[in-house]
$ cat my_file_11.cif   # mmCIF, C-alpha atoms
data_protein
loop_
_atom_site.label_atom_id
_atom_site.label_comp_id
_atom_site.auth_asym_id
_atom_site.auth_seq_id
_atom_site.Cartn_x
_atom_site.Cartn_y
_atom_site.Cartn_z
CA MET A 1 -1.50 109.49 214.10
CA GLU A 2 -4.66 108.64 212.22
CA THR A 3 -7.80 110.34 213.48
CA ILE A 4 -11.38 109.05 213.45
CA ASN A 5 -14.61 110.99 213.47
CA PHE A 6 -16.81 111.20 216.54
CA ASP A 7 -19.48 108.91 215.04
CA ASP A 8 -16.88 106.15 214.72
CA PHE A 9 -15.78 106.67 218.33
CA LYS A 10 -19.39 106.41 219.53
CA LYS A 11 -19.55 102.88 218.10
CA LEU A 12 -17.11 101.65 220.79
CA GLU A 13 -18.85 100.77 224.04
CA ILE A 14 -16.53 100.95 227.05
CA ARG A 15 -17.92 99.57 230.31
CA ILE A 16 -16.67 99.05 233.84
CA GLY A 17 -16.31 95.39 234.70
CA ARG A 18 -15.43 93.65 237.98
CA ILE A 19 -12.98 90.75 237.67
CA GLU A 20 -14.61 87.82 239.48
CA LYS A 21 -12.12 85.07 238.63
CA ALA A 22 -8.71 84.92 236.93
CA GLU A 23 -6.38 82.08 236.01
CA ARG A 24 -3.43 81.43 233.74
CA VAL A 25 -4.03 80.07 230.26
CA GLU A 26 -2.32 76.70 229.93
CA GLY A 27 0.72 76.88 227.65
CA SER A 28 1.12 80.66 227.93
CA ASP A 29 3.14 82.77 230.37
CA LYS A 30 1.42 85.94 229.12
CA LEU A 31 -2.29 85.16 228.80
CA LEU A 32 -4.82 85.22 231.64
CA LYS A 33 -8.42 84.02 231.43
CA MET A 34 -10.79 86.19 233.43
CA GLU A 35 -14.47 86.01 234.26
CA VAL A 36 -15.71 89.59 234.36
CA SER A 37 -19.05 90.79 235.74
CA PHE A 38 -20.85 93.54 233.85
CA GLY A 39 -23.85 93.89 236.16
CA GLU A 40 -27.27 92.31 235.91
CA GLU A 41 -30.06 92.04 233.37
CA ASN A 42 -33.44 90.32 233.51
CA GLU A 43 -31.89 86.85 233.33
CA GLY A 44 -29.30 87.50 236.05
CA ARG A 45 -25.64 88.47 236.16
CA ILE A 46 -23.78 89.27 232.95
CA ILE A 47 -20.46 87.40 233.02
CA ARG A 48 -18.05 87.49 230.09
CA GLN A 49 -14.83 85.60 229.50
CA ILE A 50 -11.96 87.96 228.69
CA ILE A 51 -8.51 86.74 227.64
CA ALA A 52 -5.77 89.31 228.31
CA GLY A 53 -2.01 89.41 227.76
CA ILE A 54 -1.18 90.78 231.22
CA GLY A 55 0.09 87.60 232.88
CA LYS A 56 3.78 88.58 232.93
CA VAL A 57 2.94 91.57 235.12
CA TYR A 58 -0.07 90.45 237.18
CA GLU A 59 -0.74 87.33 239.21
CA PRO A 60 -4.28 86.08 238.63
CA GLU A 61 -5.29 86.19 242.30
CA SER A 62 -4.26 89.87 242.56
CA LEU A 63 -6.91 90.81 239.95
CA VAL A 64 -9.97 89.35 241.66
CA GLY A 65 -12.34 92.11 242.80
CA LYS A 66 -10.70 94.85 240.74
CA GLN A 67 -12.79 97.13 238.56
CA CYS A 68 -11.35 98.08 235.16
CA PRO A 69 -12.56 99.49 231.84
CA PHE A 70 -13.29 97.00 229.05
CA ALA A 71 -14.14 97.33 225.37
CA TYR A 72 -17.52 95.64 225.62
CA ASN A 73 -18.89 95.43 222.10
CA LEU A 74 -15.90 93.96 220.26
CA GLU A 75 -16.44 90.96 218.06
CA PRO A 76 -15.33 87.82 219.98
CA LYS A 77 -11.81 86.62 219.21
CA SER A 78 -10.15 83.24 219.75
CA LEU A 79 -6.83 83.18 221.65
CA LYS A 80 -5.17 79.83 222.36
CA GLY A 81 -8.48 78.15 221.57
CA LEU A 82 -10.41 80.29 224.10
CA GLU A 83 -13.02 82.88 223.16
CA SER A 84 -12.40 86.40 224.41
CA GLN A 85 -15.64 88.38 224.64
CA GLY A 86 -14.09 91.83 225.07
CA MET A 87 -10.80 93.54 225.86
CA ILE A 88 -9.37 95.06 229.02
CA LEU A 89 -8.06 98.58 228.40
CA CYS A 90 -4.55 99.18 229.77
CA PRO A 91 -1.83 101.70 229.01
CA SER A 92 1.81 100.57 228.99
CA ASP A 93 4.58 102.06 231.09
CA ALA A 94 8.00 103.13 229.72
CA ASP A 95 9.13 99.47 229.74
CA GLY A 96 6.08 98.32 227.76
CA LYS A 97 4.45 96.64 230.78
CA PRO A 98 0.66 96.98 231.03
CA ALA A 99 -0.81 99.01 233.89
CA LEU A 100 -4.41 98.58 235.05
CA LEU A 101 -6.79 101.54 235.15
CA HIS A 102 -9.28 101.78 238.04
CA PRO A 103 -12.12 104.14 238.95
CA ASP A 104 -11.33 106.25 242.03
CA ARG A 105 -14.49 104.95 243.76
CA GLU A 106 -16.80 101.94 243.45
CA ILE A 107 -18.82 102.01 240.22
CA PRO A 108 -21.64 99.56 239.47
CA PRO A 109 -20.35 96.92 237.03
CA GLY A 110 -21.71 97.43 233.54
CA ASN A 111 -21.77 101.23 233.74
CA ILE A 112 -20.83 102.79 230.41
CA ILE A 113 -17.84 105.15 230.22
CA LYS A 114 -18.84 108.29 228.35
#
$ encode --input "my_file_11.cif" --output "C-alpha coordinates"
Amino acid sequence: METINFDDFKKLEIRIGRIEKAERVEGSDKLLKMEVSFGEENEGRIIRQIIAGIGKVYEPESLVGKQCPFAYNLEPKSLKGLESQGMILCPSDADGKPALLHPDREIPPGNIIK
(Lines of atoms letter the chains of each structure in order from A and count residues from 1; the text may use other names and numbers.)
(Lines give C-alpha, C1' and ligand atoms only; values in the text may rest on other atoms or scores of the structure.)
Protein backbone atom coordinates (compact mmCIF):
# COMPACT_ATOMS: atom_id res chain seq x y z
CA MET A 1 0.00 0.00 0.00
CA GLU A 2 1.30 3.42 -0.94
CA THR A 3 0.99 6.06 1.76
CA ILE A 4 0.45 9.80 1.37
CA ASN A 5 1.36 12.60 3.73
CA PHE A 6 -1.26 14.44 5.75
CA ASP A 7 -0.96 17.61 3.64
CA ASP A 8 -1.97 15.61 0.56
CA PHE A 9 -4.94 14.13 2.42
CA LYS A 10 -6.10 17.60 3.49
CA LYS A 11 -6.45 18.54 -0.20
CA LEU A 12 -9.43 16.15 -0.55
CA GLU A 13 -12.70 17.73 0.52
CA ILE A 14 -15.31 15.16 1.56
CA ARG A 15 -18.82 16.50 2.12
CA ILE A 16 -22.20 15.05 3.00
CA GLY A 17 -24.67 15.31 0.14
CA ARG A 18 -28.38 14.48 -0.07
CA ILE A 19 -29.46 12.66 -3.22
CA GLU A 20 -32.41 14.64 -4.61
CA LYS A 21 -32.93 12.79 -7.90
CA ALA A 22 -31.53 9.63 -9.50
CA GLU A 23 -32.03 7.97 -12.87
CA ARG A 24 -30.34 5.41 -15.07
CA VAL A 25 -27.87 6.55 -17.69
CA GLU A 26 -29.14 5.54 -21.12
CA GLY A 27 -27.07 2.73 -22.63
CA SER A 28 -25.57 1.61 -19.30
CA ASP A 29 -26.78 -0.97 -16.79
CA LYS A 30 -24.20 0.22 -14.24
CA LEU A 31 -24.25 4.03 -14.30
CA LEU A 32 -26.72 6.24 -12.44
CA LYS A 33 -27.06 10.00 -12.84
CA MET A 34 -27.82 11.74 -9.56
CA GLU A 35 -28.60 15.30 -8.58
CA VAL A 36 -27.04 15.84 -5.17
CA SER A 37 -27.68 18.76 -2.81
CA PHE A 38 -24.72 20.18 -0.90
CA GLY A 39 -26.59 22.84 1.06
CA GLU A 40 -27.06 26.51 0.28
CA GLU A 41 -24.91 29.51 -0.53
CA ASN A 42 -25.80 33.12 -1.26
CA GLU A 43 -27.26 32.28 -4.67
CA GLY A 44 -29.39 29.37 -3.41
CA ARG A 45 -29.07 25.60 -3.27
CA ILE A 46 -25.87 23.92 -4.42
CA ILE A 47 -26.81 21.01 -6.69
CA ARG A 48 -24.20 18.90 -8.44
CA GLN A 49 -24.57 16.15 -11.00
CA ILE A 50 -22.78 12.97 -9.92
CA ILE A 51 -22.44 9.92 -12.17
CA ALA A 52 -21.88 6.70 -10.20
CA GLY A 53 -21.37 3.05 -11.14
CA ILE A 54 -23.82 1.68 -8.56
CA GLY A 55 -26.77 0.88 -10.83
CA LYS A 56 -26.39 -2.91 -10.72
CA VAL A 57 -26.94 -2.85 -6.96
CA TYR A 58 -29.27 0.13 -6.37
CA GLU A 59 -32.50 1.18 -8.03
CA PRO A 60 -32.54 4.94 -8.64
CA GLU A 61 -35.74 5.58 -6.68
CA SER A 62 -34.27 3.86 -3.58
CA LEU A 63 -31.51 6.50 -3.40
CA VAL A 64 -33.67 9.62 -3.26
CA GLY A 65 -33.40 11.33 0.14
CA LYS A 66 -30.32 9.39 1.24
CA GLN A 67 -27.32 11.20 2.67
CA CYS A 68 -23.87 9.92 1.66
CA PRO A 69 -20.26 11.13 1.63
CA PHE A 70 -18.93 12.55 -1.64
CA ALA A 71 -15.50 13.64 -2.84
CA TYR A 72 -16.48 17.25 -3.49
CA ASN A 73 -13.44 18.94 -4.99
CA LEU A 74 -12.51 16.45 -7.71
CA GLU A 75 -11.93 17.74 -11.20
CA PRO A 76 -15.09 17.06 -13.28
CA LYS A 77 -14.99 13.91 -15.41
CA SER A 78 -17.04 12.87 -18.43
CA LEU A 79 -18.78 9.47 -18.31
CA LYS A 80 -20.97 8.40 -21.25
CA GLY A 81 -21.01 12.04 -22.37
CA LEU A 82 -22.26 13.30 -18.97
CA GLU A 83 -20.21 15.45 -16.62
CA SER A 84 -19.70 14.08 -13.12
CA GLN A 85 -18.96 16.85 -10.63
CA GLY A 86 -17.77 14.65 -7.76
CA MET A 87 -17.71 11.04 -6.60
CA ILE A 88 -19.83 9.08 -4.15
CA LEU A 89 -17.67 7.20 -1.64
CA CYS A 90 -18.63 3.53 -1.22
CA PRO A 91 -16.82 0.46 0.05
CA SER A 92 -17.35 -2.88 -1.69
CA ASP A 93 -18.55 -6.06 -0.02
CA ALA A 94 -16.87 -9.48 -0.41
CA ASP A 95 -18.58 -9.90 -3.82
CA GLY A 96 -17.33 -6.53 -5.08
CA LYS A 97 -20.77 -4.89 -4.83
CA PRO A 98 -20.80 -1.26 -3.64
CA ALA A 99 -22.40 -0.46 -0.28
CA LEU A 100 -23.60 3.04 0.61
CA LEU A 101 -22.30 4.80 3.71
CA HIS A 102 -24.73 6.94 5.75
CA PRO A 103 -24.44 9.20 8.79
CA ASP A 104 -26.20 7.76 11.85
CA ARG A 105 -28.31 10.94 12.16
CA GLU A 106 -29.40 13.79 9.89
CA ILE A 107 -26.49 16.04 8.90
CA PRO A 108 -26.93 19.32 7.02
CA PRO A 109 -25.99 18.78 3.36
CA GLY A 110 -22.65 20.31 2.50
CA ASN A 111 -21.07 19.65 5.90
CA ILE A 112 -17.41 18.73 5.56
CA ILE A 113 -16.18 15.38 6.90
CA LYS A 114 -13.06 15.93 8.99
$ resolve_selection --input "my_file_11.cif" --expression "the PyMOL selection byres ((chain A and resi 26-39) around 10)" --output "ChimeraX atom specification"
/A:15-25,40-41,44-60,63-68,70,72,79-80,82-86,88,108-112
$ axis_aligned_box --input "my_file_11.cif" --around "region 87-99 of chain A" --padding-each-side "4 Å" --output "JSON"
{"center_x": -0.8, "center_y": 98.3, "center_z": 229.9, "size_x": 27.9, "size_y": 17.6, "size_z": 16.0}
$ atom_distance --input "my_file_11.cif" --atom1 "CA of Leu89 (chain A)" --atom2 "CA of His102 (chain A)"
10.2 Å
$ closest_residue --input "my_file_11.cif" --among "A:Ser78, A:Asn73, A:Ser62, A:Asn5" --to "Leu100 (chain A)" --atoms "all atoms listed in the file"
A:Ser62
$ atom_distance --input "my_file_11.cif" --atom1 "CA of Ala71 (chain A)" --atom2 "CA of Met87 (chain A)"
5.1 Å
$ atom_distance --input "my_file_11.cif" --atom1 "CA of Lys11 (chain A)" --atom2 "CA of Lys77 (chain A)"
18.0 Å
